[in-house]
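K.L.:
My structure is stored as work.pdb, with PDB, C-alpha atoms and all ligand atoms.
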ATOM      1  CA  MET A   1     132.690  46.654 167.984  1.00  0.00           C
ATOM      2  CA  SER A   2     134.620  47.870 164.986  1.00  0.00           C
ATOM      3  CA  VAL A   3     132.159  50.487 163.765  1.00  0.00           C
ATOM      4  CA  LYS A   4     133.126  54.117 163.500  1.00  0.00           C
ATOM      5  CA  ALA A   5     131.602  56.994 165.472  1.00  0.00           C
ATOM      6  CA  LYS A   6     130.111  59.582 163.134  1.00  0.00           C
ATOM      7  CA  ILE A   7     128.129  62.721 163.829  1.00  0.00           C
ATOM      8  CA  GLY A   8     125.676  63.863 161.149  1.00  0.00           C
ATOM      9  CA  PRO A   9     123.927  67.122 161.884  1.00  0.00           C
ATOM     10  CA  SER A  10     120.389  67.549 160.611  1.00  0.00           C
ATOM     11  CA  ILE A  11     119.953  70.912 158.941  1.00  0.00           C
ATOM     12  CA  LEU A  12     116.169  70.869 159.331  1.00  0.00           C
ATOM     13  CA  ASN A  13     116.158  73.573 161.973  1.00  0.00           C
ATOM     14  CA  ALA A  14     118.920  75.627 160.387  1.00  0.00           C
ATOM     15  CA  ASP A  15     118.264  78.717 158.305  1.00  0.00           C
ATOM     16  CA  LEU A  16     117.200  76.960 155.120  1.00  0.00           C
ATOM     17  CA  SER A  17     117.465  80.144 153.076  1.00  0.00           C
ATOM     18  CA  ASN A  18     121.144  79.969 153.851  1.00  0.00           C
ATOM     19  CA  LEU A  19     121.580  76.234 153.528  1.00  0.00           C
ATOM     20  CA  ALA A  20     124.993  76.111 151.897  1.00  0.00           C
ATOM     21  CA  ALA A  21     126.628  78.401 154.434  1.00  0.00           C
ATOM     22  CA  GLU A  22     124.934  76.652 157.369  1.00  0.00           C
ATOM     23  CA  SER A  23     126.042  73.257 156.025  1.00  0.00           C
ATOM     24  CA  GLN A  24     129.604  74.380 155.390  1.00  0.00           C
ATOM     25  CA  LYS A  25     129.778  75.769 158.909  1.00  0.00           C
ATOM     26  CA  LEU A  26     128.720  72.412 160.339  1.00  0.00           C
ATOM     27  CA  LEU A  27     131.348  70.618 158.262  1.00  0.00           C
ATOM     28  CA  ASP A  28     134.019  73.104 159.288  1.00  0.00           C
ATOM     29  CA  ASN A  29     133.010  72.445 162.869  1.00  0.00           C
ATOM     30  CA  GLY A  30     133.678  68.739 162.499  1.00  0.00           C
ATOM     31  CA  ALA A  31     130.490  67.130 161.169  1.00  0.00           C
ATOM     32  CA  ASP A  32     131.262  63.751 159.600  1.00  0.00           C
ATOM     33  CA  TYR A  33     128.296  63.911 157.236  1.00  0.00           C
ATOM     34  CA  LEU A  34     125.125  65.890 156.569  1.00  0.00           C
ATOM     35  CA  HIS A  35     121.702  64.451 157.299  1.00  0.00           C
ATOM     36  CA  LEU A  36     119.152  66.012 154.938  1.00  0.00           C
ATOM     37  CA  ASP A  37     115.517  65.562 155.971  1.00  0.00           C
ATOM     38  CA  VAL A  38     113.206  65.147 152.997  1.00  0.00           C
ATOM     39  CA  MET A  39     109.476  65.189 153.806  1.00  0.00           C
ATOM     40  CA  ASP A  40     106.560  64.870 151.415  1.00  0.00           C
ATOM     41  CA  GLY A  41     103.600  65.995 153.540  1.00  0.00           C
ATOM     42  CA  THR A  42     102.042  62.527 153.184  1.00  0.00           C
ATOM     43  CA  PHE A  43     104.251  60.061 155.015  1.00  0.00           C
ATOM     44  CA  VAL A  44     104.760  62.781 157.623  1.00  0.00           C
ATOM     45  CA  PRO A  45     102.628  65.878 158.239  1.00  0.00           C
ATOM     46  CA  ASN A  46     105.320  68.270 157.128  1.00  0.00           C
ATOM     47  CA  LEU A  47     107.030  69.437 153.964  1.00  0.00           C
ATOM     48  CA  THR A  48     110.677  70.319 153.511  1.00  0.00           C
ATOM     49  CA  PHE A  49     112.664  70.134 150.292  1.00  0.00           C
ATOM     50  CA  GLY A  50     113.466  67.766 147.474  1.00  0.00           C
ATOM     51  CA  HIS A  51     116.178  66.865 145.004  1.00  0.00           C
ATOM     52  CA  PRO A  52     116.497  70.301 143.344  1.00  0.00           C
ATOM     53  CA  MET A  53     117.573  71.745 146.671  1.00  0.00           C
ATOM     54  CA  VAL A  54     119.941  68.848 147.374  1.00  0.00           C
ATOM     55  CA  LYS A  55     121.469  69.247 143.917  1.00  0.00           C
ATOM     56  CA  SER A  56     122.014  72.952 144.467  1.00  0.00           C
ATOM     57  CA  LEU A  57     123.659  72.199 147.782  1.00  0.00           C
ATOM     58  CA  ARG A  58     125.897  69.612 146.122  1.00  0.00           C
ATOM     59  CA  ASN A  59     127.018  72.224 143.603  1.00  0.00           C
ATOM     60  CA  LYS A  60     128.324  74.311 146.484  1.00  0.00           C
ATOM     61  CA  ILE A  61     129.607  71.492 148.687  1.00  0.00           C
ATOM     62  CA  LYS A  62     131.532  69.077 146.512  1.00  0.00           C
ATOM     63  CA  THR A  63     132.927  66.396 148.737  1.00  0.00           C
ATOM     64  CA  ALA A  64     130.913  66.000 151.944  1.00  0.00           C
ATOM     65  CA  PHE A  65     128.965  62.788 152.530  1.00  0.00           C
ATOM     66  CA  PHE A  66     125.243  63.449 152.053  1.00  0.00           C
ATOM     67  CA  GLU A  67     122.530  61.308 153.584  1.00  0.00           C
ATOM     68  CA  THR A  68     118.943  61.981 152.600  1.00  0.00           C
ATOM     69  CA  HIS A  69     116.421  60.805 155.169  1.00  0.00           C
ATOM     70  CA  MET A  70     113.438  60.101 152.947  1.00  0.00           C
ATOM     71  CA  MET A  71     110.303  60.591 155.026  1.00  0.00           C
ATOM     72  CA  VAL A  72     108.168  59.986 151.967  1.00  0.00           C
ATOM     73  CA  GLN A  73     105.398  57.661 150.930  1.00  0.00           C
ATOM     74  CA  LYS A  74     107.064  56.534 147.697  1.00  0.00           C
ATOM     75  CA  PRO A  75     110.827  56.373 148.142  1.00  0.00           C
ATOM     76  CA  GLN A  76     111.196  54.527 144.833  1.00  0.00           C
ATOM     77  CA  GLN A  77     110.083  57.688 143.051  1.00  0.00           C
ATOM     78  CA  TRP A  78     113.078  59.772 144.121  1.00  0.00           C
ATOM     79  CA  ILE A  79     115.987  57.351 143.683  1.00  0.00           C
ATOM     80  CA  GLU A  80     117.229  58.548 140.306  1.00  0.00           C
ATOM     81  CA  PRO A  81     116.907  62.288 140.979  1.00  0.00           C
ATOM     82  CA  MET A  82     118.606  61.957 144.355  1.00  0.00           C
ATOM     83  CA  ALA A  83     121.448  59.928 142.864  1.00  0.00           C
ATOM     84  CA  ASP A  84     121.781  62.605 140.193  1.00  0.00           C
ATOM     85  CA  ALA A  85     121.844  65.239 142.952  1.00  0.00           C
ATOM     86  CA  GLY A  86     124.929  63.593 144.430  1.00  0.00           C
ATOM     87  CA  VAL A  87     123.425  61.790 147.412  1.00  0.00           C
ATOM     88  CA  ASN A  88     125.672  59.135 148.993  1.00  0.00           C
ATOM     89  CA  LEU A  89     123.299  57.395 151.380  1.00  0.00           C
ATOM     90  CA  TYR A  90     119.602  57.045 150.610  1.00  0.00           C
ATOM     91  CA  THR A  91     117.753  56.258 153.799  1.00  0.00           C
ATOM     92  CA  PHE A  92     114.081  55.393 153.468  1.00  0.00           C
ATOM     93  CA  HIS A  93     111.362  54.130 155.777  1.00  0.00           C
ATOM     94  CA  ILE A  94     110.294  50.546 155.366  1.00  0.00           C
ATOM     95  CA  GLU A  95     106.722  51.199 156.599  1.00  0.00           C
ATOM     96  CA  PRO A  96     105.080  52.358 153.343  1.00  0.00           C
ATOM     97  CA  VAL A  97     107.153  50.154 151.039  1.00  0.00           C
ATOM     98  CA  GLU A  98     105.803  46.910 149.661  1.00  0.00           C
ATOM     99  CA  ASP A  99     109.053  45.459 148.348  1.00  0.00           C
ATOM    100  CA  VAL A 100     111.918  46.771 150.474  1.00  0.00           C
ATOM    101  CA  THR A 101     114.444  44.423 148.846  1.00  0.00           C
ATOM    102  CA  LYS A 102     113.588  45.671 145.374  1.00  0.00           C
ATOM    103  CA  VAL A 103     113.763  49.348 146.342  1.00  0.00           C
ATOM    104  CA  SER A 104     117.082  48.726 148.125  1.00  0.00           C
ATOM    105  CA  ARG A 105     118.464  47.107 145.000  1.00  0.00           C
ATOM    106  CA  LEU A 106     117.381  50.078 142.894  1.00  0.00           C
ATOM    107  CA  VAL A 107     119.116  52.424 145.320  1.00  0.00           C
ATOM    108  CA  GLN A 108     122.329  50.409 145.009  1.00  0.00           C
ATOM    109  CA  GLU A 109     122.064  50.237 141.246  1.00  0.00           C
ATOM    110  CA  ALA A 110     121.779  54.018 141.220  1.00  0.00           C
ATOM    111  CA  GLY A 111     125.131  54.142 142.993  1.00  0.00           C
ATOM    112  CA  MET A 112     124.005  55.028 146.520  1.00  0.00           C
ATOM    113  CA  LYS A 113     124.272  53.231 149.829  1.00  0.00           C
ATOM    114  CA  VAL A 114     121.063  51.955 151.406  1.00  0.00           C
ATOM    115  CA  GLY A 115     119.701  53.116 154.744  1.00  0.00           C
ATOM    116  CA  LEU A 116     116.581  51.506 156.205  1.00  0.00           C
ATOM    117  CA  ALA A 117     114.606  53.460 158.772  1.00  0.00           C
ATOM    118  CA  ILE A 118     111.890  52.557 161.268  1.00  0.00           C
ATOM    119  CA  LYS A 119     109.439  54.798 163.100  1.00  0.00           C
ATOM    120  CA  PRO A 120     108.983  54.473 166.867  1.00  0.00           C
ATOM    121  CA  GLY A 121     105.913  52.263 166.425  1.00  0.00           C
ATOM    122  CA  THR A 122     107.680  49.771 164.157  1.00  0.00           C
ATOM    123  CA  LYS A 123     109.232  46.671 165.672  1.00  0.00           C
ATOM    124  CA  VAL A 124     112.921  46.112 165.105  1.00  0.00           C
ATOM    125  CA  GLN A 125     112.084  42.557 164.039  1.00  0.00           C
ATOM    126  CA  ASP A 126     110.304  44.019 160.998  1.00  0.00           C
ATOM    127  CA  LEU A 127     113.693  45.292 159.919  1.00  0.00           C
ATOM    128  CA  GLU A 128     115.509  42.069 160.615  1.00  0.00           C
ATOM    129  CA  LYS A 129     114.857  40.407 157.279  1.00  0.00           C
ATOM    130  CA  TYR A 130     116.419  43.332 155.425  1.00  0.00           C
ATOM    131  CA  VAL A 131     119.514  43.942 157.520  1.00  0.00           C
ATOM    132  CA  SER A 132     121.745  42.002 155.125  1.00  0.00           C
ATOM    133  CA  ILE A 133     120.983  44.413 152.269  1.00  0.00           C
ATOM    134  CA  ALA A 134     121.277  47.586 154.358  1.00  0.00           C
ATOM    135  CA  ASP A 135     124.437  49.634 154.761  1.00  0.00           C
ATOM    136  CA  VAL A 136     122.860  51.570 157.628  1.00  0.00           C
ATOM    137  CA  VAL A 137     119.795  51.079 159.783  1.00  0.00           C
ATOM    138  CA  LEU A 138     118.091  54.086 161.328  1.00  0.00           C
ATOM    139  CA  VAL A 139     116.142  53.774 164.561  1.00  0.00           C
ATOM    140  CA  MET A 140     113.981  56.870 164.980  1.00  0.00           C
ATOM    141  CA  THR A 141     113.961  58.239 168.508  1.00  0.00           C
ATOM    142  CA  VAL A 142     111.099  60.649 167.826  1.00  0.00           C
ATOM    143  CA  GLU A 143     108.035  60.459 165.615  1.00  0.00           C
ATOM    144  CA  PRO A 144     109.379  61.671 162.251  1.00  0.00           C
ATOM    145  CA  GLY A 145     108.135  65.005 160.973  1.00  0.00           C
ATOM    146  CA  PHE A 146     109.639  67.744 163.080  1.00  0.00           C
ATOM    147  CA  GLY A 147     112.897  68.765 164.672  1.00  0.00           C
ATOM    148  CA  GLY A 148     113.227  69.729 168.312  1.00  0.00           C
ATOM    149  CA  GLN A 149     111.166  66.929 169.847  1.00  0.00           C
ATOM    150  CA  SER A 150     111.977  64.985 173.013  1.00  0.00           C
ATOM    151  CA  PHE A 151     114.174  61.909 172.793  1.00  0.00           C
ATOM    152  CA  MET A 152     112.362  58.579 173.307  1.00  0.00           C
ATOM    153  CA  GLU A 153     114.602  56.513 175.515  1.00  0.00           C
ATOM    154  CA  GLU A 154     112.235  53.564 175.164  1.00  0.00           C
ATOM    155  CA  MET A 155     113.626  53.029 171.647  1.00  0.00           C
ATOM    156  CA  MET A 156     116.989  51.949 173.050  1.00  0.00           C
ATOM    157  CA  PRO A 157     116.125  48.242 173.323  1.00  0.00           C
ATOM    158  CA  LYS A 158     115.845  48.249 169.503  1.00  0.00           C
ATOM    159  CA  VAL A 159     119.370  49.619 169.226  1.00  0.00           C
ATOM    160  CA  GLU A 160     120.656  47.158 171.824  1.00  0.00           C
ATOM    161  CA  TRP A 161     119.067  44.259 169.989  1.00  0.00           C
ATOM    162  CA  LEU A 162     120.577  45.316 166.667  1.00  0.00           C
ATOM    163  CA  ARG A 163     124.026  45.827 168.143  1.00  0.00           C
ATOM    164  CA  LYS A 164     123.935  42.477 169.918  1.00  0.00           C
ATOM    165  CA  ASN A 165     122.985  40.647 166.745  1.00  0.00           C
ATOM    166  CA  TYR A 166     124.972  42.705 164.218  1.00  0.00           C
ATOM    167  CA  PRO A 167     128.231  43.857 165.806  1.00  0.00           C
ATOM    168  CA  GLY A 168     129.572  45.414 162.612  1.00  0.00           C
ATOM    169  CA  LEU A 169     126.396  47.201 161.484  1.00  0.00           C
ATOM    170  CA  ASP A 170     126.154  50.966 161.149  1.00  0.00           C
ATOM    171  CA  ILE A 171     123.300  51.877 163.493  1.00  0.00           C
ATOM    172  CA  GLU A 172     121.964  55.408 163.357  1.00  0.00           C
ATOM    173  CA  VAL A 173     119.683  57.242 165.768  1.00  0.00           C
ATOM    174  CA  ASP A 174     117.716  60.369 164.946  1.00  0.00           C
ATOM    175  CA  GLY A 175     115.504  62.636 167.008  1.00  0.00           C
ATOM    176  CA  GLY A 176     116.146  64.536 170.206  1.00  0.00           C
ATOM    177  CA  VAL A 177     119.776  63.485 170.330  1.00  0.00           C
ATOM    178  CA  GLY A 178     122.244  65.887 171.914  1.00  0.00           C
ATOM    179  CA  PRO A 179     124.786  66.073 174.724  1.00  0.00           C
ATOM    180  CA  LYS A 180     122.147  65.090 177.292  1.00  0.00           C
ATOM    181  CA  THR A 181     120.994  61.941 175.505  1.00  0.00           C
ATOM    182  CA  ILE A 182     124.121  60.814 173.691  1.00  0.00           C
ATOM    183  CA  GLU A 183     125.394  58.543 176.463  1.00  0.00           C
ATOM    184  CA  CYS A 184     122.198  56.557 176.349  1.00  0.00           C
ATOM    185  CA  CYS A 185     122.450  56.101 172.558  1.00  0.00           C
ATOM    186  CA  ALA A 186     126.132  55.243 172.611  1.00  0.00           C
ATOM    187  CA  LYS A 187     125.736  52.745 175.408  1.00  0.00           C
ATOM    188  CA  ALA A 188     122.939  50.995 173.527  1.00  0.00           C
ATOM    189  CA  GLY A 189     125.238  50.659 170.509  1.00  0.00           C
ATOM    190  CA  ALA A 190     124.443  53.486 168.106  1.00  0.00           C
ATOM    191  CA  ASN A 191     127.453  54.744 166.154  1.00  0.00           C
ATOM    192  CA  MET A 192     125.898  57.160 163.642  1.00  0.00           C
ATOM    193  CA  ILE A 193     124.399  60.097 165.438  1.00  0.00           C
ATOM    194  CA  VAL A 194     121.975  62.551 163.891  1.00  0.00           C
ATOM    195  CA  SER A 195     121.552  65.720 165.860  1.00  0.00           C
ATOM    196  CA  GLY A 196     119.558  68.739 164.802  1.00  0.00           C
ATOM    197  CA  THR A 197     118.683  71.487 167.217  1.00  0.00           C
ATOM    198  CA  ALA A 198     121.334  70.504 169.771  1.00  0.00           C
ATOM    199  CA  VAL A 199     124.104  71.104 167.230  1.00  0.00           C
ATOM    200  CA  VAL A 200     122.649  73.757 164.946  1.00  0.00           C
ATOM    201  CA  GLY A 201     121.552  75.947 167.833  1.00  0.00           C
ATOM    202  CA  ALA A 202     124.739  75.551 169.863  1.00  0.00           C
ATOM    203  CA  ALA A 203     126.927  78.552 170.575  1.00  0.00           C
ATOM    204  CA  ASP A 204     129.938  76.327 169.979  1.00  0.00           C
ATOM    205  CA  GLN A 205     129.032  73.705 167.369  1.00  0.00           C
ATOM    206  CA  ALA A 206     132.530  72.250 167.261  1.00  0.00           C
ATOM    207  CA  GLN A 207     132.480  71.588 170.987  1.00  0.00           C
ATOM    208  CA  VAL A 208     129.092  69.844 170.872  1.00  0.00           C
ATOM    209  CA  ILE A 209     130.112  67.675 167.917  1.00  0.00           C
ATOM    210  CA  ARG A 210     133.415  66.740 169.559  1.00  0.00           C
ATOM    211  CA  GLU A 211     131.763  65.984 172.865  1.00  0.00           C
ATOM    212  CA  MET A 212     129.223  63.653 171.281  1.00  0.00           C
ATOM    213  CA  ARG A 213     131.832  61.887 169.157  1.00  0.00           C
ATOM    214  CA  ASP A 214     134.004  61.315 172.220  1.00  0.00           C
ATOM    215  CA  VAL A 215     131.129  59.647 174.047  1.00  0.00           C
ATOM    216  CA  VAL A 216     130.348  57.366 171.093  1.00  0.00           C
ATOM    217  CA  GLN A 217     134.014  56.492 170.676  1.00  0.00           C
ATOM    218  CA  LYS A 218     134.157  55.380 174.282  1.00  0.00           C
ATOM    219  CA  TYR A 219     131.687  52.627 173.420  1.00  0.00           C
ATOM    220  CA  THR A 220     132.823  51.728 169.926  1.00  0.00           C
ATOM    221  CA  LYS A 221     136.378  50.865 170.956  1.00  0.00           C
TER     222      LYS A 221
HETATM  223  C1  LIG A 301     112.743  64.376 162.421  1.00  0.00           C
HETATM  224  C2  LIG A 301     113.983  64.398 161.581  1.00  0.00           C
HETATM  225  C3  LIG A 301     115.222  64.584 162.381  1.00  0.00           C
HETATM  226  C4  LIG A 301     115.231  65.865 163.176  1.00  0.00           C
HETATM  227  C5  LIG A 301     116.384  65.919 164.123  1.00  0.00           C
HETATM  228  O1  LIG A 301     111.652  64.064 161.643  1.00  0.00           O
HETATM  229  O2  LIG A 301     114.134  63.175 160.894  1.00  0.00           O
HETATM  230  O3  LIG A 301     116.371  64.431 161.582  1.00  0.00           O
HETATM  231  O4  LIG A 301     115.243  66.989 162.369  1.00  0.00           O
HETATM  232  O5  LIG A 301     116.301  67.108 164.843  1.00  0.00           O
HETATM  233  P1  LIG A 301     116.414  67.123 166.420  1.00  0.00           P
HETATM  234  O6  LIG A 301     117.801  66.640 166.768  1.00  0.00           O
HETATM  235  O7  LIG A 301     116.194  68.534 166.750  1.00  0.00           O
HETATM  236  O8  LIG A 301     115.374  66.205 166.984  1.00  0.00           O
HETATM  237 ZN    ZN A 302     116.098  62.764 160.042  1.00  0.00          ZN
END
As structure tokens, please, write out the structure in this file.
P.N.:
Amino acid sequence: MSVKAKIGPSILNADLSNLAAESQKLLDNGADYLHLDVMDGTFVPNLTFGHPMVKSLRNKIKTAFFETHMMVQKPQQWIEPMADAGVNLYTFHIEPVEDVTKVSRLVQEAGMKVGLAIKPGTKVQDLEKYVSIADVVLVMTVEPGFGGQSFMEEMMPKVEWLRKNYPGLDIEVDGGVGPKTIECCAKAGANMIVSGTAVVGAADQAQVIREMRDVVQKYTK
């Protein structure tokens, strides 16, 4: 495997009124990128923030790699504003999208990388036909919508299958991932690790980030 281990904290459970400072702290503590959870209250039963907030954050944090995890019914609607807000990786769910190839192309044309996400109930084979156009695939390890849920180990066969068939692919996991569950993810083949509460709530964020990266590196060598 020649993929790189990267840790991307999710700021969902951080103090959102203090987003820039919380984000900067995570970066100073070694985060490789920021995972920004965008929810529309339709695709998932929760509401977070949109492109105005991401743009404001970008004004304060100039260089970090931003991923937006679009838990929205119409990802095509937010491509331009998110590109304008300085997003680097636009990850959207394939479930509500009729023409995934077309939306992926629009994301690329807007200058962003493409991430394709699947919910726990979606088969990894449904993703297979789009892997060639994706820069990253995201296997959800909780039902999207809320931070702080329990990790679903039964999603690991999806990660294993992807890694076996696509050795060079960036495979991301998201939901309930922390020091206790990282080994399982890394062993299955995930190399991009989203972690919310386990990192944000840690007394020593740098230690938790380092620890998780070390475990992933053990398997990506
Ligand atoms: C869930 C979000 C996740 C979540 C991660 O809908 O996509 O990014 O906030 O948080 P933890 O690690 O607490 O599950
Ligand atoms: Zn997420």
K.L.:
I'd like the residues picked by the PyMOL selection byres (((chain A and resi 189-202) around 7) and not hetatm) written out as a PyMOL selection string, using the chain letters and numbers from the file.
P.N.:
chain A and resi 3-14+35+147-148+159-160+163+170-175+177-178+185-188+203-205+208-209+216
K.L.:
Between CA of His69 in chain A and atom O3 of ligand LIG 301 (chain A), what is the spacing in Å?
P.N.:
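Going from atom O3 of ligand LIG 301 (chain A) over to CA of His69 in chain A, I get 7.4 Å.
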K.L.:
Find, counting all atoms listed in the file, the residue in A:Leu26, A:Val87, A:Ile133, A:Val215 that gets nearest to Asn59 in chain A.
P.N.:
A:Val87
K.L.:
Can you report as JSON the centre and edge lengths in Å, to one decimal, of an axis-aligned box around the listed atoms of range 188-202 of chain A padded with 8 Å on each side?
P.N.:
{"center_x": 123.1, "center_y": 63.3, "center_z": 168.6, "size_x": 24.8, "size_y": 41.3, "size_z": 25.9}
K.L.:
Which of these, A:Gly145, A:Pro120, A:Pro96, A:Gly86, has the shortest distance to ligand ZN 302 (chain A) once you count all atoms listed in the file?
P.N.:
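Checking each candidate against ligand ZN 302 (chain A), we get A:Gly145 as the closest.
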K.L.:
Measuring between all atoms listed in the file, which one of A:Glu211, A:Asp37, A:Glu22, A:Asp15 shows the shortest distance to ligand LIG 301 (chain A)?
P.N.:
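Of the candidates, the smallest distance to ligand LIG 301 (chain A) is held by A:Asp37.
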K.L.:
Please compute the CA of Ala64 in chain A-CA of Asp32 in chain A distance, one decimal, in Å.
P.N.:
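It comes out at 8.0 Å.
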K.L.:
In Å, with one decimal, what is the gap from CA of Tyr90 in chain A to CA of Met39 in chain A?
P.N.:
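We find that CA of Tyr90 in chain A and CA of Met39 in chain A lie 13.4 Å from each other.
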K.L.:
With all atoms listed in the file as the counted atoms, please give the residues lying no more than 9 Å from Met152 in chain A, apart from itself and same-chain residues fewer than 4 positions off, as a ChimeraX atom specification.
P.N.:
/A:120,140-142,156,175-176
K.L.:
List the residues matched by the PyMOL selection byres (((chain A and resi 81) around 10) and not hetatm) in the displayed structure as a ChimeraX atom specification, ordered by chain and then by residue number.
P.N.:
/A:50-52,54-55,77-80,82-87,110
K.L.:
Which of these residues is nearest to ligand LIG 301 (chain A), using all atoms listed in the file: A:Lys164, A:His93, A:Lys123, A:Arg210?
P.N.:
A:His93
K.L.:
Name the residues within 7 Å of (110.2, 55.3, 162.3), counting all atoms listed in the file in the file's coordinates, and put them as an mmCIF file with C-alpha atoms, in the coordinates of the input.
P.N.:
data_model
loop_
_atom_site.group_PDB
_atom_site.id
_atom_site.type_symbol
_atom_site.label_atom_id
_atom_site.label_comp_id
_atom_site.auth_asym_id
_atom_site.auth_seq_id
_atom_site.Cartn_x
_atom_site.Cartn_y
_atom_site.Cartn_z
ATOM 1 C CA HIS A 93 111.362 54.130 155.777
ATOM 2 C CA ALA A 117 114.606 53.460 158.772
ATOM 3 C CA ILE A 118 111.890 52.557 161.268
ATOM 4 C CA LYS A 119 109.439 54.798 163.100
ATOM 5 C CA PRO A 120 108.983 54.473 166.867
ATOM 6 C CA GLY A 121 105.913 52.263 166.425
ATOM 7 C CA THR A 122 107.680 49.771 164.157
ATOM 8 C CA VAL A 139 116.142 53.774 164.561
ATOM 9 C CA MET A 140 113.981 56.870 164.980
ATOM 10 C CA GLU A 143 108.035 60.459 165.615
ATOM 11 C CA PRO A 144 109.379 61.671 162.251
#
K.L.:
Hey, what comes out of the PyMOL selection byres (((chain A and resi 92) around 10) and not hetatm) on this file? Could you write it as number ranges by chain?
P.N.:
A: 38, 68-76, 89-91, 93-97, 100, 103-104, 114-118, 137-138
K.L.:
Take the residues from that selection and put them in a file with C-alpha atoms, as an mmCIF file, in the coordinates of the input.
P.N.:
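Wrote it out as selection_26.cif, contents follow:
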data_model
loop_
_atom_site.group_PDB
_atom_site.id
_atom_site.type_symbol
_atom_site.label_atom_id
_atom_site.label_comp_id
_atom_site.auth_asym_id
_atom_site.auth_seq_id
_atom_site.Cartn_x
_atom_site.Cartn_y
_atom_site.Cartn_z
ATOM 1 C CA VAL A 38 113.206 65.147 152.997
ATOM 2 C CA THR A 68 118.943 61.981 152.600
ATOM 3 C CA HIS A 69 116.421 60.805 155.169
ATOM 4 C CA MET A 70 113.438 60.101 152.947
ATOM 5 C CA MET A 71 110.303 60.591 155.026
ATOM 6 C CA VAL A 72 108.168 59.986 151.967
ATOM 7 C CA GLN A 73 105.398 57.661 150.930
ATOM 8 C CA LYS A 74 107.064 56.534 147.697
ATOM 9 C CA PRO A 75 110.827 56.373 148.142
ATOM 10 C CA GLN A 76 111.196 54.527 144.833
ATOM 11 C CA LEU A 89 123.299 57.395 151.380
ATOM 12 C CA TYR A 90 119.602 57.045 150.610
ATOM 13 C CA THR A 91 117.753 56.258 153.799
ATOM 14 C CA HIS A 93 111.362 54.130 155.777
ATOM 15 C CA ILE A 94 110.294 50.546 155.366
ATOM 16 C CA GLU A 95 106.722 51.199 156.599
ATOM 17 C CA PRO A 96 105.080 52.358 153.343
ATOM 18 C CA VAL A 97 107.153 50.154 151.039
ATOM 19 C CA VAL A 100 111.918 46.771 150.474
ATOM 20 C CA VAL A 103 113.763 49.348 146.342
ATOM 21 C CA SER A 104 117.082 48.726 148.125
ATOM 22 C CA VAL A 114 121.063 51.955 151.406
ATOM 23 C CA GLY A 115 119.701 53.116 154.744
ATOM 24 C CA LEU A 116 116.581 51.506 156.205
ATOM 25 C CA ALA A 117 114.606 53.460 158.772
ATOM 26 C CA ILE A 118 111.890 52.557 161.268
ATOM 27 C CA VAL A 137 119.795 51.079 159.783
ATOM 28 C CA LEU A 138 118.091 54.086 161.328
#
K.L.:
Using the partial input, fill out range 96-105 of chain A with N, CA, C and O atoms; write the result as a JSON list (two decimals), in the frame of the given file.
P.N.:
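Written file, out_21.json:
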[["chain", "number", "residue", "atom", "x", "y", "z"],
["A", 96, "PRO", "N", 106.02, 52.28, 154.48],
["A", 96, "PRO", "CA", 105.08, 52.36, 153.34],
["A", 96, "PRO", "C", 105.49, 51.53, 152.13],
["A", 96, "PRO", "O", 104.79, 51.55, 151.13],
["A", 97, "VAL", "N", 106.60, 50.81, 152.23],
["A", 97, "VAL", "CA", 107.15, 50.15, 151.04],
["A", 97, "VAL", "C", 106.76, 48.68, 150.97],
["A", 97, "VAL", "O", 106.95, 47.93, 151.93],
["A", 98, "GLU", "N", 106.25, 48.29, 149.83],
["A", 98, "GLU", "CA", 105.80, 46.91, 149.66],
["A", 98, "GLU", "C", 106.98, 45.96, 149.49],
["A", 98, "GLU", "O", 107.05, 44.91, 150.12],
["A", 99, "ASP", "N", 107.92, 46.33, 148.63],
["A", 99, "ASP", "CA", 109.05, 45.46, 148.35],
["A", 99, "ASP", "C", 110.37, 46.18, 148.69],
["A", 99, "ASP", "O", 111.00, 46.81, 147.85],
["A", 100, "VAL", "N", 110.74, 46.06, 149.96],
["A", 100, "VAL", "CA", 111.92, 46.77, 150.47],
["A", 100, "VAL", "C", 113.19, 46.28, 149.77],
["A", 100, "VAL", "O", 114.08, 47.07, 149.44],
["A", 101, "THR", "N", 113.25, 44.98, 149.50],
["A", 101, "THR", "CA", 114.44, 44.42, 148.85],
["A", 101, "THR", "C", 114.62, 45.04, 147.46],
["A", 101, "THR", "O", 115.72, 45.43, 147.08],
["A", 102, "LYS", "N", 113.53, 45.12, 146.74],
["A", 102, "LYS", "CA", 113.59, 45.67, 145.37],
["A", 102, "LYS", "C", 114.01, 47.14, 145.39],
["A", 102, "LYS", "O", 114.89, 47.56, 144.62],
["A", 103, "VAL", "N", 113.42, 47.92, 146.27],
["A", 103, "VAL", "CA", 113.76, 49.35, 146.34],
["A", 103, "VAL", "C", 115.23, 49.51, 146.76],
["A", 103, "VAL", "O", 115.97, 50.33, 146.21],
["A", 104, "SER", "N", 115.67, 48.67, 147.69],
["A", 104, "SER", "CA", 117.08, 48.73, 148.12],
["A", 104, "SER", "C", 118.01, 48.45, 146.95],
["A", 104, "SER", "O", 119.04, 49.10, 146.78],
["A", 105, "ARG", "N", 117.64, 47.46, 146.16],
["A", 105, "ARG", "CA", 118.46, 47.11, 145.00],
["A", 105, "ARG", "C", 118.53, 48.27, 144.00],
["A", 105, "ARG", "O", 119.57, 48.59, 143.46]]
